[in-house]
Every structure is written in structure tokens, then in C-alpha cells.
Amino acid sequence: MSHETPGQDRPLTTALAEAAATAGYAPSVHNTQPWRWLVLPDALELRIVRDRQLTATDPEGRLLAISCGAALHHARLALAAEGWTAVVERLPDPAQPDLLARLIGLNRSGADTDAMRMVQCMQVRHTDRRPVSDEPVPTAAIGEISRAVAAEGASLQILDSDQVMELAAAASHAGTVEAEDPQLREELQYWTSRAGGTGLPPEVLPEQQPQTTVPGRDFGRAGTLPIGPGHDKAAVYGLLNGDEDEPDSWLRAGEALSALWLTATRLGVSVVPLSGVVEVPGTRQTLRRLLSGLGFPYLVVRLGIADPAHAGPPHTPRLPIEQVVDTSAVRDQRS
Ligand SMILES: Cc1cc2nc3c(=O)[nH]c(=O)nc-3n(C[C@H](O)[C@H](O)[C@H](O)COP(=O)(O)O)c2cc1C
């Protein structure tokens with residue numbers, strides 16, 4: 001659906017800068033926000049910030065690229081909501097592997113009302129690590145979420161109960177492996193004790209490990225998020241996967257994760273990513289087996305209906321916009 005909006009007469013560079021700023025709402029592993037946007041007169045570039053890569057936990061940059069892909073999808077939607085269509089070039093220059101994407105060919109169209117709705121969802125979407133309620137996730141919602149993933153070129157495999165048991169064992173093993181590795185512990189400690197707009201503050205971390213079928217990440221420290229006695233028996237686990245295990249497909253997986261999570265938010269479904277099982281090579285192999293070797297695992301997600309009776313965690317902080325959006329190349333052109 002499309003229609004005219006008051007934003008239609010604003011210059012392109014303003015729309016690009018605003019889309020990049022809106023992309024800051026995107027989820028990222030440990031809230032690292034490992035991206036930087038460059039606004040050009042007729043294009044928007046997305047680059048990796050290597051300083052915020054989890055070099056011990058994510059040496060290949062899989063979760064980094066997934067995080068950046070989520071931001072890319074947010075930016076695409078923000079532009080569509082403002083009435084701009086764009087062509088996306090992914091990894092456009094082999095000589096610059098940190099240049100992940102370039103949005104070019106920007107043209108005016110009617111503002112996309114579906115995209116406008118998704119932009120609203122960006123502002124409320126968040127990670128709620130409490131156990132989910134006993135209310136089942138509607139089958140229709142799972143179907144809609146899976147279609148949103150497929151539209152971005154990835155797949156969501158919903159795990160059956162035997163597979164959930166295998167996942168639970170793998171997640172427990174991954175947690176033990178990670179807890180025994182001093183470098184991983186140090187990295188986690190760093191990102192759970194940050195100030196200044198990145199990392200995970202105590203308010204979003206459980207005050208005790210929740211009762212879940214599949215263990216969530218052990219953050220190595222107790223937070224202050226109250227956890228009720230519930231057990232998330234009604235949770236559904238999905239495995240985001242695709243055909244390749246390369247930076248281009250990780251970027252697309254991130255776009256699919258954003259589509260998954262925003263669609264879930266619109267439908268009242270809570271999402272928690274579980275990446276420990278992907279970080280540890282042995283448990284990543286277990287996930288490959290769950291896919292019958294027919295795809296590569298990118299991320300596990302827990303889907304459920306959040307406890308409506310108690311307030312969830314607050315929003316996790318974000319970096320100031322000036323630190324993630326570079327408008328120096330167009331400073332004179334913006335209104
Ligand atoms: C690639 C990726 C991996 C993540 N892995 C985990 C995880 O293993 N456990 C967890 O509790 N949250 C995980 N998250 C959620 C992030 O911690 C969360 O998105 C970030 O802190 C920002 O908070 P928000 O989602 O509330 O905006 C992951 C997010 C992404 C994008």
C-alpha cells in the first residue's frame with residue numbers, strides 16, 4: 001500500500017540520514033551496534049566497525065554481519081516508509097570487505113504504509129529474556145513470521161519436540177564451553193559492564209537464570225530483571241538458516257532476522273535470539289544435523305507470548321547518532 005506523506009518534499013540526503021539513524025534501533029549481538037553509515041549525495045553506505053566485533057566469540061564475523069544485516073533491513077524499511085525505493089548492493093566492492101552494502105538508485109514512490117507500520121514496530125521491539133507465558137504462539141503467526149524470513153532469502157525451520165531436546169543439550173554444552181574459556185568470559189564481562197550507549201545493562205539481564213526448556217545465555221553475572229516462577233513450556237524454537245555460510249548470506253540472514261522480529265512484534269510475539277549454539281563450532285555442527293545437512297545455521301530464536309501481567313525490561317541503550325551516521329560528505333546539502 002502507498003500514499004503521499006508530508007515527508008515527500010524533503011531532500012534525499014535528509015531521508016538517507018534519518019533512515020540510517022532509524023536503523024540504530026536494530027538488534028545486535030551483545031548490543032555492540034557494529035555499524036557505521038556514510039551518507040552520500042545519492043547513496044547510503046553501510047560499513048563494519050571492527051572495534052566492536054566480538055573477536056573471541058565471533059572471530060569469523062558471522063554475528064557481526066547478521067547484526068549489520070538487521071540494521072540494513074531497518075534502513076530499507078525506513079526509506080520505504082518515507083516514500084523512497086532503493087536498490088541494495090550487498091558487498092559491492094571485493095577490495096573493501098568492510099563495506100557491507102550500498103543503497104543506490106533512490107527514487108521517489110508513494111510512502112509504503114506497511115513499512116510505516118514496521119518502523120513503529122522498530123521502536124517497541126526489544127529482547128525480553130523472561131520465560132514466556134503459557135499462551136501458545138498462534139500457528140498463523142508462525143506461518144506469517146516464516147514467510148517474512150523467506151521473503152528475505154533465508155529459511156526458518158521450526159523445531160519439533162525431539163529437536164528441541166537436542167537443541168537444549170547443545171545449548172547447555174555451548175554454555176559450558178564458553179564459561180570455561182577465559183577470553184570469552186572476558187569479552188562477555190566487557191560487554192555487560194559498559195556505559196556510553198553499547199552493551200547490556202543490568203536492567204535487561206535476568207536476576208536469576210530463567211526456567212527454560214533450552215537454556216538461555218549465561219551472561220556470567222546476575223542482572224536486575226525480575227524473573228517469575230514460570231517455565232516457558234509454550235515457547236517455540238526456530239532455526240534461521242540458509243544455503244551458504246558466507247558474509248553475503250550472513251548479511252541476508254540479518255535482514256531476515258529483522259523481518260522476523262518486526263513481524264513478530266506486530267503480531268505480539270516475543271523473540272529471543274540464542275547465538276551461543278552457533279558460536280561454538282561443535283554445537284554449530286549439531287544444528288547442521290538438525291537441518292539434515294541441507295542448510296547452514298545462522299541463529300536460533302525462541303518465540304513466545306510474553307507475560308502480560310508484568311512489565312518487561314526497559315529498552316537497551318543505543319549509541320548517539322553522530323557516532324553511527326557520518327553526514328560530513330553532504331553537510332551543505334541537508335536542510
Ligand atoms: C546476532 C544476534 C545474536 C544475539 N544473541 C543473543 C543471545 O545469545 N542471547 C540473548 O539473550 N540475546 C541475544 N541477542 C539479543 C541482543 O543482545 C539484543 O538485540 C541487544 O542487546 C539489543 O537489545 P534489544 O534487542 O532489546 O534492542 C542477539 C542479537 C543478535 C542480533
# chains A, B, ... in the order shown; residues from 1 in each chain; ligands from 1
>>> residues_near_ligand(ligand="ligand 1", cutoff="9 Å", atoms="only C-alpha atoms and all ligand atoms", output="number ranges by chain")
A: 25-33, 62-70, 122-129, 198-201, 204-205, 216-219, 254, 257-258, 271-278, 298-301, 313-318
>>> select_by_dssp(residues="region 143-259 of chain A", states="helix (DSSP H, G or I)", output="VMD selection string")
chain A and resid 143 to 150 161 to 179 182 to 191 202 to 204 247 to 259
>>> residues_around(residues="region 80-97 of chain A", least_positions_apart="4", cutoff="8 Å", atoms="only C-alpha atoms", output="MDAnalysis selection string")
chainID A and resid 4:5 7:8 15 76 101:116 119 248
>>> write_last_selection(atoms="N, CA and C atoms", output="compact mmCIF listing (two decimals), in the first residue's frame")
# COMPACT_ATOMS: atom_id res chain seq x y z
N GLU A 4 0.71 9.46 -0.38
CA GLU A 4 1.59 10.61 -0.22
C GLU A 4 1.77 10.95 1.24
N THR A 5 2.95 11.42 1.63
CA THR A 5 3.16 11.88 3.01
C THR A 5 3.82 13.25 2.98
N GLY A 7 6.51 14.08 4.22
CA GLY A 7 7.96 13.94 4.09
C GLY A 7 8.43 13.93 2.65
N GLN A 8 7.49 13.90 1.70
CA GLN A 8 7.85 13.72 0.29
C GLN A 8 8.68 14.85 -0.29
N ALA A 15 16.54 12.25 4.07
CA ALA A 15 15.89 10.93 4.20
C ALA A 15 16.94 9.84 4.46
N ARG A 76 16.29 0.04 5.07
CA ARG A 76 15.47 -0.13 3.85
C ARG A 76 14.01 0.21 4.15
N ALA A 101 27.25 -2.84 2.41
CA ALA A 101 26.13 -2.59 1.49
C ALA A 101 26.11 -1.14 1.07
N ARG A 102 25.52 -0.95 -0.09
CA ARG A 102 25.33 0.41 -0.61
C ARG A 102 23.89 0.49 -1.12
N LEU A 103 23.17 1.49 -0.67
CA LEU A 103 21.81 1.73 -1.17
C LEU A 103 21.92 2.81 -2.24
N ILE A 104 21.52 2.48 -3.45
CA ILE A 104 21.66 3.41 -4.57
C ILE A 104 20.33 3.48 -5.35
N GLY A 105 20.37 4.24 -6.44
CA GLY A 105 19.20 4.30 -7.35
C GLY A 105 17.95 4.75 -6.63
N LEU A 106 18.10 5.74 -5.76
CA LEU A 106 16.95 6.14 -4.94
C LEU A 106 15.94 6.93 -5.76
N ASN A 107 14.73 6.49 -5.68
CA ASN A 107 13.64 7.12 -6.42
C ASN A 107 12.45 7.34 -5.53
N ARG A 108 11.73 8.40 -5.80
CA ARG A 108 10.52 8.65 -5.01
C ARG A 108 9.39 7.72 -5.45
N SER A 109 8.66 7.25 -4.44
CA SER A 109 7.45 6.49 -4.73
C SER A 109 6.45 6.95 -3.68
N GLY A 110 5.28 6.40 -3.67
CA GLY A 110 4.38 6.73 -2.57
C GLY A 110 4.91 6.09 -1.29
N ALA A 111 4.69 6.75 -0.15
CA ALA A 111 5.15 6.15 1.11
C ALA A 111 4.42 4.83 1.33
N ASP A 112 5.15 3.84 1.81
CA ASP A 112 4.63 2.49 1.96
C ASP A 112 4.05 2.35 3.38
N THR A 113 2.74 2.19 3.47
CA THR A 113 2.11 2.18 4.80
C THR A 113 2.49 0.92 5.60
N ASP A 114 2.74 -0.19 4.91
CA ASP A 114 3.19 -1.39 5.64
C ASP A 114 4.56 -1.12 6.27
N ALA A 115 5.41 -0.44 5.48
CA ALA A 115 6.75 -0.10 6.02
C ALA A 115 6.62 0.89 7.18
N MET A 116 5.65 1.79 7.08
CA MET A 116 5.44 2.76 8.18
C MET A 116 5.09 2.01 9.47
N VAL A 119 8.17 0.47 10.89
CA VAL A 119 9.03 1.45 11.57
C VAL A 119 8.51 1.68 12.99
N ASP A 248 27.98 -12.71 2.61
CA ASP A 248 26.79 -12.23 1.91
C ASP A 248 25.51 -12.86 2.48
>>> select_by_dssp(residues="region 163-274 of chain A", states="strand (DSSP E)", output="NGL selection string")
:A and (236-242 or 270-274)
>>> closest_residue(among="A:Pro202, A:Glu60, A:Asp181, A:Leu260", to="Arg147 (chain A)", atoms="only C-alpha atoms")
A:Leu260
>>> residues_around(residues="Leu16 (chain A)", least_positions_apart="5", cutoff="8 Å", atoms="only C-alpha atoms", output="MDAnalysis selection string")
chainID A and resid 39 43:44 79
>>> atom_distance(atom1="CA of Ser292 (chain A)", atom2="CA of Glu244 (chain A)")
14.5 Å
